[in-house]
>>> print(open('coords-v6.txt').read())   # compact mmCIF, C-alpha atoms
# COMPACT_ATOMS: atom_id res chain seq x y z
CA MET A 268 37.59 53.60 -21.24
CA MET A 269 38.89 50.50 -19.50
CA LYS A 270 40.56 47.83 -21.61
CA LEU A 271 39.54 44.21 -21.03
CA ALA A 272 41.91 41.37 -22.01
CA VAL A 273 40.11 38.39 -23.58
CA LEU A 274 41.33 35.11 -25.06
CA GLY A 275 40.28 35.56 -28.68
CA PRO A 276 39.47 35.85 -31.39
CA LYS A 277 35.89 37.10 -31.25
CA GLY A 278 33.38 34.29 -30.73
CA THR A 279 35.29 32.24 -28.15
CA PHE A 280 33.74 31.17 -24.86
CA SER A 281 36.03 33.74 -23.23
CA ASP A 282 34.34 36.33 -25.44
CA ASN A 283 30.94 35.08 -24.23
CA ALA A 284 32.13 35.41 -20.65
CA SER A 285 33.24 38.98 -21.35
CA ASP A 286 29.77 39.74 -22.77
CA LEU A 287 28.21 38.56 -19.50
CA TYR A 288 30.70 40.48 -17.37
CA ILE A 289 30.19 43.76 -19.24
CA LYS A 290 26.41 43.31 -19.03
CA GLU A 291 26.50 42.60 -15.29
CA THR A 292 28.82 45.49 -14.44
CA GLY A 293 27.25 47.99 -16.81
CA ASP A 294 30.72 49.40 -17.47
CA LYS A 295 31.93 50.53 -20.87
CA MET A 296 34.98 48.50 -21.84
CA GLU A 297 37.13 48.03 -24.90
CA ARG A 298 37.84 44.36 -25.50
CA VAL A 299 41.38 43.47 -26.55
CA TYR A 300 41.73 39.97 -27.99
CA PHE A 301 44.84 37.83 -27.49
CA SER A 302 45.90 34.55 -29.09
CA THR A 303 46.98 32.74 -25.92
CA ILE A 304 46.18 32.68 -22.20
CA ASP A 305 49.74 33.84 -21.48
CA GLU A 306 49.39 36.91 -23.70
CA ALA A 307 46.02 37.87 -22.21
CA PHE A 308 47.30 37.33 -18.67
CA HIS A 309 50.52 39.28 -19.13
CA SER A 310 48.67 42.28 -20.59
CA VAL A 311 46.81 42.93 -17.32
CA GLY A 312 48.38 45.88 -15.54
CA LYS A 313 50.28 46.82 -18.69
CA THR A 314 48.26 47.38 -21.87
CA CYS A 315 44.96 46.27 -20.27
CA ASP A 316 43.25 47.20 -17.01
CA ILE A 317 41.49 43.91 -16.39
CA GLY A 318 41.32 40.38 -17.82
CA ILE A 319 38.95 37.42 -18.09
CA ILE A 320 40.81 34.11 -17.92
CA PRO A 321 39.44 30.52 -17.98
CA ILE A 322 40.34 28.56 -14.83
CA GLU A 323 38.14 25.44 -14.60
CA ASN A 324 35.83 23.25 -16.66
CA THR A 325 33.24 20.78 -15.43
CA LEU A 326 34.57 17.91 -17.57
CA ASP A 327 38.28 18.68 -17.98
CA GLY A 328 39.12 20.25 -14.63
CA TYR A 329 41.47 23.14 -13.92
CA VAL A 330 43.44 25.06 -16.53
CA GLN A 331 46.91 24.34 -15.19
CA ARG A 332 48.54 27.25 -17.01
CA THR A 333 46.14 29.72 -15.39
CA ILE A 334 47.00 28.38 -11.93
CA ASP A 335 50.73 28.77 -12.59
CA LEU A 336 50.32 32.31 -13.92
CA LEU A 337 48.28 33.32 -10.86
CA SER A 338 51.16 32.25 -8.66
CA GLU A 339 53.81 34.01 -10.76
CA GLU A 340 52.23 37.37 -11.63
CA ASP A 341 51.32 40.41 -9.52
CA VAL A 342 47.55 40.12 -10.01
CA HIS A 343 44.57 38.93 -7.99
CA ILE A 344 41.10 37.55 -8.68
CA LYS A 345 38.32 40.09 -8.32
CA GLU A 346 35.38 37.79 -9.07
CA GLU A 347 34.36 34.80 -11.16
CA ILE A 348 31.91 34.06 -13.97
CA THR A 349 30.52 30.68 -15.07
CA ILE A 350 28.97 30.03 -18.48
CA PRO A 351 27.53 26.92 -20.21
CA VAL A 352 29.79 25.27 -22.80
CA GLN A 353 28.77 22.99 -25.67
CA PHE A 354 30.57 21.93 -28.85
CA SER A 355 29.75 20.97 -32.44
CA LEU A 356 31.76 19.52 -35.32
CA LEU A 357 32.22 21.21 -38.69
CA ALA A 358 33.99 19.38 -41.52
CA ASN A 359 35.15 19.76 -45.12
CA ALA A 360 34.03 16.19 -45.70
CA GLN A 361 31.07 14.14 -46.85
CA ASP A 362 30.67 12.28 -43.58
CA LYS A 363 32.39 11.38 -40.31
CA ASP A 364 34.38 8.54 -41.88
CA SER A 365 35.91 10.94 -44.44
CA ILE A 366 37.59 13.13 -41.80
CA LYS A 367 41.38 12.95 -41.99
CA ARG A 368 42.53 15.82 -39.76
CA LEU A 369 40.77 17.41 -36.77
CA TYR A 370 41.55 20.77 -35.15
CA VAL A 371 40.63 21.02 -31.47
CA GLN A 372 41.50 23.48 -28.69
CA PHE A 373 43.56 22.02 -25.83
CA LYS A 374 40.74 22.14 -23.24
CA ALA A 375 37.96 21.24 -25.69
CA ASN A 376 39.86 17.98 -26.28
CA GLY A 377 39.10 16.82 -22.74
CA GLN A 378 35.44 17.81 -23.00
CA CYS A 379 34.74 15.78 -26.17
CA ARG A 380 36.66 12.58 -25.41
CA HIS A 381 33.85 10.18 -26.32
CA PHE A 382 33.53 11.71 -29.78
CA LEU A 383 37.29 11.89 -30.33
CA ASP A 384 37.68 8.23 -29.37
CA SER A 385 35.08 7.31 -32.00
CA LEU A 386 37.17 8.81 -34.83
CA GLY A 387 39.82 6.11 -34.96
CA GLY A 388 42.99 7.09 -36.83
CA VAL A 389 42.21 10.77 -37.47
CA SER A 390 45.18 13.15 -37.02
CA VAL A 391 44.40 15.56 -34.15
CA VAL A 392 45.97 19.04 -34.19
CA THR A 393 45.84 21.06 -30.94
CA THR A 394 45.04 24.79 -31.12
CA GLU A 395 45.15 27.67 -28.62
CA SER A 396 41.50 28.69 -29.02
CA ASN A 397 38.26 27.22 -30.33
CA MET A 398 37.97 29.97 -32.93
CA GLU A 399 41.47 29.20 -34.18
CA SER A 400 40.19 25.67 -34.80
CA PHE A 401 37.28 27.11 -36.77
CA TYR A 402 39.45 29.40 -38.89
CA LYS A 403 41.66 26.46 -39.88
CA LEU A 404 38.69 25.19 -41.92
CA GLU A 405 38.69 28.29 -44.12
CA SER A 406 41.52 26.79 -46.17
CA GLY A 407 38.92 24.38 -47.56
CA ILE A 408 41.28 21.39 -47.43
CA GLU A 409 39.37 18.18 -48.07
CA GLY A 410 39.08 15.98 -45.00
CA ASP A 411 39.74 18.77 -42.47
CA ALA A 412 37.38 19.18 -39.52
CA ALA A 413 37.17 21.29 -36.36
CA ILE A 414 35.48 21.13 -32.98
CA VAL A 415 33.94 24.58 -32.45
CA PRO A 416 31.60 26.33 -29.99
CA ALA A 417 27.99 25.31 -30.57
CA HIS A 418 26.91 28.97 -30.62
CA VAL A 419 29.22 29.53 -33.61
CA ALA A 420 28.33 26.37 -35.51
CA GLY A 421 24.62 27.04 -35.20
CA ASN A 422 24.88 30.08 -37.48
CA LEU A 423 26.95 28.39 -40.18
CA SER A 424 26.47 25.88 -42.94
CA ALA A 425 28.99 23.13 -43.56
CA ARG A 426 29.27 20.10 -45.83
CA PHE A 427 29.13 17.98 -42.72
CA LYS A 428 28.02 19.03 -39.25
CA LEU A 429 27.41 17.21 -35.98
CA GLU A 430 25.82 18.90 -32.97
CA ASN A 431 26.01 18.00 -29.28
CA ILE A 432 29.37 16.22 -29.33
CA THR A 433 30.26 17.31 -25.78
CA ASP A 434 30.59 14.47 -23.27
CA SER A 435 27.84 15.95 -21.08
CA ILE A 436 24.95 18.34 -21.60
CA SER A 437 25.74 19.75 -18.14
CA ASN A 438 29.10 21.35 -18.94
CA PHE A 439 30.33 24.72 -17.71
CA THR A 440 33.53 26.75 -17.71
CA ARG A 441 34.49 29.04 -14.86
CA PHE A 442 36.39 32.23 -15.63
CA VAL A 443 38.21 34.52 -13.21
CA VAL A 444 38.32 38.29 -13.52
CA ILE A 445 41.86 39.42 -12.72
CA VAL A 446 43.20 42.88 -11.89
CA PRO A 447 46.69 44.11 -10.93
CA GLY A 448 48.02 44.17 -7.37
CA ARG A 449 47.15 42.53 -4.07
CA PRO A 450 43.56 41.55 -3.08
CA CYS A 451 41.59 44.17 -1.15
CA GLU A 452 39.78 41.49 0.91
CA GLU A 453 36.42 43.22 0.59
CA ILE A 454 33.53 40.79 1.04
CA ALA A 455 29.83 41.62 1.18
CA ASP A 456 28.35 40.98 4.63
CA GLY A 457 26.13 37.92 4.84
CA MET A 458 27.49 36.32 1.67
CA ASP A 459 29.75 33.37 0.97
CA PHE A 460 33.22 34.04 -0.39
CA LYS A 461 36.07 32.25 -2.11
CA ALA A 462 39.77 32.64 -1.43
CA PRO A 463 42.31 31.04 -3.80
CA VAL A 464 45.68 30.54 -2.10
CA TYR A 465 49.10 29.35 -3.24
CA ILE A 466 51.25 27.67 -0.54
CA SER A 467 54.94 27.09 -1.19
CA PRO A 468 56.85 24.86 1.26
CA GLU A 469 60.60 25.42 1.48
CA THR A 470 61.32 21.78 2.41
CA ASP A 471 59.53 18.44 2.32
CA ARG A 472 58.87 16.24 5.37
CA PRO A 473 56.46 13.52 6.54
CA GLY A 474 53.14 14.96 7.70
CA MET A 475 53.72 18.34 6.11
CA LEU A 476 50.54 18.31 4.03
CA PHE A 477 48.49 17.13 7.01
CA ASP A 478 49.83 19.97 9.15
CA MET A 479 49.16 22.43 6.34
CA LEU A 480 45.52 21.40 5.98
CA SER A 481 44.57 20.82 9.61
CA GLY A 482 44.18 24.54 10.32
CA PHE A 483 41.34 24.79 7.80
CA GLN A 484 39.52 21.79 9.30
CA LYS A 485 39.90 22.97 12.90
CA ASN A 486 38.43 26.35 12.02
CA ASP A 487 35.52 24.97 9.94
CA LEU A 488 36.85 26.42 6.67
CA ASN A 489 35.74 24.48 3.60
CA LEU A 490 38.71 23.56 1.43
CA VAL A 491 36.95 22.91 -1.90
CA SER A 492 40.03 22.03 -3.95
CA ILE A 493 43.75 21.35 -3.68
CA ILE A 494 46.15 20.83 -6.56
CA SER A 495 49.87 20.13 -6.41
CA ARG A 496 51.99 22.00 -8.94
CA PRO A 497 55.70 21.37 -9.61
CA THR A 498 58.10 23.94 -8.16
CA LYS A 499 60.05 23.71 -11.44
CA LYS A 500 63.22 23.61 -9.36
CA GLU A 501 63.65 19.93 -8.54
CA MET A 502 61.86 16.72 -9.50
CA GLY A 503 59.37 15.59 -6.86
CA THR A 504 58.97 18.98 -5.16
CA TYR A 505 55.60 20.73 -5.20
CA ASN A 506 53.67 23.85 -4.35
CA PHE A 507 49.94 23.73 -3.61
CA PHE A 508 47.04 25.66 -5.10
CA MET A 509 43.96 25.69 -2.86
CA GLU A 510 40.51 27.24 -2.97
CA ILE A 511 38.67 27.92 0.28
CA LYS A 512 34.95 28.68 0.41
CA SER A 513 33.32 30.06 3.53
CA HIS A 514 30.93 32.69 4.91
CA SER A 515 31.76 36.36 5.34
CA SER A 516 31.69 35.86 9.12
CA LYS A 517 34.77 33.62 8.71
CA LYS A 518 36.94 36.12 6.81
CA ASP A 519 39.07 37.12 9.78
CA VAL A 520 39.37 33.48 10.84
CA LEU A 521 40.79 32.56 7.44
CA LEU A 522 43.23 35.47 7.49
CA LYS A 523 44.46 34.32 10.89
CA VAL A 524 44.98 30.75 9.64
CA LEU A 525 46.92 32.02 6.63
CA ASP A 526 49.00 34.27 8.87
CA GLU A 527 49.88 31.27 11.06
CA LEU A 528 50.81 29.19 8.00
CA GLY A 529 52.94 32.06 6.77
CA ALA A 530 55.37 31.43 9.63
CA TYR A 531 56.31 28.11 8.00
CA TYR A 532 55.42 28.38 4.31
CA GLY A 533 55.33 30.89 1.50
CA ILE A 534 51.74 32.14 1.20
CA LYS A 535 50.17 34.03 -1.68
CA LEU A 536 46.52 35.00 -1.26
CA MET A 537 45.26 35.43 -4.82
CA GLY A 538 41.85 36.88 -4.08
CA MET A 539 38.98 37.08 -1.62
CA TYR A 540 35.66 37.74 -3.31
CA SER A 541 31.95 37.20 -2.78
CA VAL A 542 30.15 34.34 -4.59
CA LYS A 543 26.50 33.41 -4.86
>>> encode(input="coords-v6.txt", output="structure tokens")
Amino acid sequence: MMKLAVLGPKGTFSDNASDLYIKETGDKMERVYFSTIDEAFHSVGKTCDIGIIPIENTLDGYVQRTIDLLSEEDVHIKEEITIPVQFSLLANAQDKDSIKRLYVQFKANGQCRHFLDSLGGVSVVTTESNMESFYKLESGIEGDAAIVPAHVAGNLSARFKLENITDSISNFTRFVVIVPGRPCEEIADGMDFKAPVYISPETDRPGMLFDMLSGFQKNDLNLVSIISRPTKKEMGTYNFFMEIKSHSSKKDVLLKVLDELGAYYGIKLMGMYSVK
């Protein structure tokens, strides 16, 4: 039975994404829960066959750590899954004004900014997962509160609860399914596809970014995102994470553009997979 790496513990949005993935594939998989994105990521190709990793949220943008790990590790993206995300508040308190300390996961923080700003001088403690935030409440310490997934809070009672504290009702998180090795570049005919790419310049010069991007424009390839990431070698030097979306008829065109760029820059194609 295949082992699937998931950011845990059970009940996280990553767990929900794994539910959807297992249902869609129809495969039997053993879920293995990890405490951090790094641990889940690093298990793929070692103790686990496949992993589901969060990469982007509607309100809080890309998960920077995921982008860095994709560039560093010998894995590629097989497909992606998007699920709705909403949050609630649970508290060991009589009311909102009695909250003294709040546990919130690092990405949930950016999705509930309006609510967090309304709390005033509450001490905010960052956690690695939303369920870790929830379990912090089990100590029963007076004044403690946690921002937790709405699907978890709905089944629980609490001395004080607030629902719908997310900044927007239209909030989603995108997860990538990663597997070991290089991408196979198999795309279903007649469908759109995505191709995440990491480009690493060896030197910096005026017009470099323009030259790098012009090949996509000239060949009618839709560059849907570009993010600069520090090289971690010298201040002010950057690599670039990009996502290209196009039609299956453009696959060979994209590969040619990447091959041409490869003569001047380091190129890592991190996946090429069909999307709806």
>>> closest_residue(input="coords-v6.txt", among="A:Met458, A:Tyr540, A:Leu274, A:Gly482", to="His343 of chain A", atoms="all atoms listed in the file")
A:Tyr540
>>> closest_residue(input="coords-v6.txt", among="A:Leu383, A:Cys315, A:Met475, A:Val415", to="Met398 of chain A", atoms="all atoms listed in the file")
A:Val415
>>> atom_distance(input="coords-v6.txt", atom1="atom CA of Pro450 of chain A", atom2="atom CA of Gly538 of chain A")
5.1 Å
>>> residues_around(input="coords-v6.txt", residues="Ser302 of chain A", least_positions_apart="2", cutoff="7 Å", atoms="all atoms listed in the file", output="list of chain:residue names")
A:Leu274, A:Gly275, A:Pro276, A:Tyr300, A:Glu306, A:Glu395
>>> closest_residue(input="coords-v6.txt", among="A:Val524, A:Val444, A:Ile534, A:Leu490", to="Thr292 of chain A", atoms="all atoms listed in the file")
A:Val444
>>> residues_around(input="coords-v6.txt", residues="Glu323 of chain A", least_positions_apart="2", cutoff="8 Å", atoms="all atoms listed in the file", output="list in words")
Pro321, Thr325, Asp327, Gly328, Tyr329, Val330, Thr440, Arg441 and Phe442 of chain A
>>> atom_distance(input="coords-v6.txt", atom1="atom CA of Ile289 of chain A", atom2="atom CA of Glu339 of chain A")
26.9 Å
>>> decode(input="coords-v6.txt", residues="segment 274-285 of chain A", atoms="all heavy atoms", output="PDB file, in the first residue's frame")
ATOM      1  N   LEU A 274       0.543  16.949   6.052  1.00  0.00           N
ATOM      2  CA  LEU A 274       0.778  17.844   7.185  1.00  0.00           C
ATOM      3  C   LEU A 274      -0.337  17.635   8.195  1.00  0.00           C
ATOM      4  O   LEU A 274      -1.498  17.927   7.920  1.00  0.00           O
ATOM      5  CB  LEU A 274       0.819  19.302   6.716  1.00  0.00           C
ATOM      6  CG  LEU A 274       0.998  20.366   7.807  1.00  0.00           C
ATOM      7  CD1 LEU A 274       2.328  20.188   8.535  1.00  0.00           C
ATOM      8  CD2 LEU A 274       0.902  21.767   7.212  1.00  0.00           C
ATOM      9  N   GLY A 275       0.007  17.102   9.353  1.00  0.00           N
ATOM     10  CA  GLY A 275      -0.998  16.733  10.347  1.00  0.00           C
ATOM     11  C   GLY A 275      -1.048  17.710  11.494  1.00  0.00           C
ATOM     12  O   GLY A 275      -0.498  18.800  11.405  1.00  0.00           O
ATOM     13  N   PRO A 276      -1.754  17.278  12.556  1.00  0.00           N
ATOM     14  CA  PRO A 276      -2.363  15.952  12.717  1.00  0.00           C
ATOM     15  C   PRO A 276      -3.688  15.831  11.975  1.00  0.00           C
ATOM     16  O   PRO A 276      -4.065  16.733  11.210  1.00  0.00           O
ATOM     17  CB  PRO A 276      -2.572  15.870  14.236  1.00  0.00           C
ATOM     18  CG  PRO A 276      -2.781  17.287  14.649  1.00  0.00           C
ATOM     19  CD  PRO A 276      -1.885  18.104  13.768  1.00  0.00           C
ATOM     20  N   LYS A 277      -4.384  14.745  12.205  1.00  0.00           N
ATOM     21  CA  LYS A 277      -5.662  14.489  11.548  1.00  0.00           C
ATOM     22  C   LYS A 277      -6.615  15.651  11.791  1.00  0.00           C
ATOM     23  O   LYS A 277      -6.712  16.169  12.905  1.00  0.00           O
ATOM     24  CB  LYS A 277      -6.266  13.186  12.075  1.00  0.00           C
ATOM     25  CG  LYS A 277      -7.509  12.728  11.338  1.00  0.00           C
ATOM     26  CD  LYS A 277      -7.955  11.382  11.846  1.00  0.00           C
ATOM     27  CE  LYS A 277      -9.247  10.928  11.154  1.00  0.00           C
ATOM     28  NZ  LYS A 277      -9.071  10.766   9.708  1.00  0.00           N
ATOM     29  N   GLY A 278      -7.312  16.067  10.736  1.00  0.00           N
ATOM     30  CA  GLY A 278      -8.276  17.154  10.853  1.00  0.00           C
ATOM     31  C   GLY A 278      -7.828  18.447  10.201  1.00  0.00           C
ATOM     32  O   GLY A 278      -8.618  19.383  10.073  1.00  0.00           O
ATOM     33  N   THR A 279      -6.565  18.530   9.771  1.00  0.00           N
ATOM     34  CA  THR A 279      -6.071  19.736   9.115  1.00  0.00           C
ATOM     35  C   THR A 279      -6.691  19.869   7.723  1.00  0.00           C
ATOM     36  O   THR A 279      -7.285  18.932   7.180  1.00  0.00           O
ATOM     37  CB  THR A 279      -4.540  19.695   8.967  1.00  0.00           C
ATOM     38  OG1 THR A 279      -4.195  18.548   8.165  1.00  0.00           O
ATOM     39  CG2 THR A 279      -3.848  19.594  10.329  1.00  0.00           C
ATOM     40  N   PHE A 280      -6.504  21.048   7.113  1.00  0.00           N
ATOM     41  CA  PHE A 280      -6.950  21.213   5.737  1.00  0.00           C
ATOM     42  C   PHE A 280      -6.152  20.315   4.803  1.00  0.00           C
ATOM     43  O   PHE A 280      -6.675  19.843   3.781  1.00  0.00           O
ATOM     44  CB  PHE A 280      -6.822  22.684   5.309  1.00  0.00           C
ATOM     45  CG  PHE A 280      -7.826  23.584   5.966  1.00  0.00           C
ATOM     46  CD1 PHE A 280      -7.421  24.546   6.867  1.00  0.00           C
ATOM     47  CD2 PHE A 280      -9.176  23.468   5.686  1.00  0.00           C
ATOM     48  CE1 PHE A 280      -8.346  25.381   7.491  1.00  0.00           C
ATOM     49  CE2 PHE A 280     -10.118  24.294   6.302  1.00  0.00           C
ATOM     50  CZ  PHE A 280      -9.700  25.250   7.206  1.00  0.00           C
ATOM     51  N   SER A 281      -4.881  20.057   5.133  1.00  0.00           N
ATOM     52  CA  SER A 281      -4.092  19.106   4.349  1.00  0.00           C
ATOM     53  C   SER A 281      -4.719  17.718   4.403  1.00  0.00           C
ATOM     54  O   SER A 281      -4.722  16.980   3.406  1.00  0.00           O
ATOM     55  CB  SER A 281      -2.652  19.045   4.880  1.00  0.00           C
ATOM     56  OG  SER A 281      -1.970  20.251   4.664  1.00  0.00           O
ATOM     57  N   ASP A 282      -5.260  17.364   5.560  1.00  0.00           N
ATOM     58  CA  ASP A 282      -5.947  16.082   5.710  1.00  0.00           C
ATOM     59  C   ASP A 282      -7.196  16.051   4.830  1.00  0.00           C
ATOM     60  O   ASP A 282      -7.493  15.046   4.181  1.00  0.00           O
ATOM     61  CB  ASP A 282      -6.308  15.862   7.179  1.00  0.00           C
ATOM     62  CG  ASP A 282      -6.648  14.413   7.488  1.00  0.00           C
ATOM     63  OD1 ASP A 282      -6.169  13.524   6.765  1.00  0.00           O
ATOM     64  OD2 ASP A 282      -7.382  14.169   8.463  1.00  0.00           O
ATOM     65  N   ASN A 283      -7.935  17.170   4.790  1.00  0.00           N
ATOM     66  CA  ASN A 283      -9.104  17.266   3.911  1.00  0.00           C
ATOM     67  C   ASN A 283      -8.706  17.106   2.449  1.00  0.00           C
ATOM     68  O   ASN A 283      -9.398  16.447   1.659  1.00  0.00           O
ATOM     69  CB  ASN A 283      -9.806  18.612   4.104  1.00  0.00           C
ATOM     70  CG  ASN A 283     -10.670  18.644   5.341  1.00  0.00           C
ATOM     71  OD1 ASN A 283     -10.666  17.716   6.134  1.00  0.00           O
ATOM     72  ND2 ASN A 283     -11.400  19.730   5.539  1.00  0.00           N
ATOM     73  N   ALA A 284      -7.578  17.729   2.078  1.00  0.00           N
ATOM     74  CA  ALA A 284      -7.105  17.605   0.704  1.00  0.00           C
ATOM     75  C   ALA A 284      -6.733  16.165   0.384  1.00  0.00           C
ATOM     76  O   ALA A 284      -6.976  15.674  -0.728  1.00  0.00           O
ATOM     77  CB  ALA A 284      -5.906  18.523   0.485  1.00  0.00           C
ATOM     78  N   SER A 285      -6.155  15.465   1.364  1.00  0.00           N
ATOM     79  CA  SER A 285      -5.806  14.059   1.140  1.00  0.00           C
ATOM     80  C   SER A 285      -7.060  13.199   0.993  1.00  0.00           C
ATOM     81  O   SER A 285      -7.072  12.246   0.211  1.00  0.00           O
ATOM     82  CB  SER A 285      -4.919  13.539   2.274  1.00  0.00           C
ATOM     83  OG  SER A 285      -5.642  13.383   3.486  1.00  0.00           O
TER      84      SER A 285
END
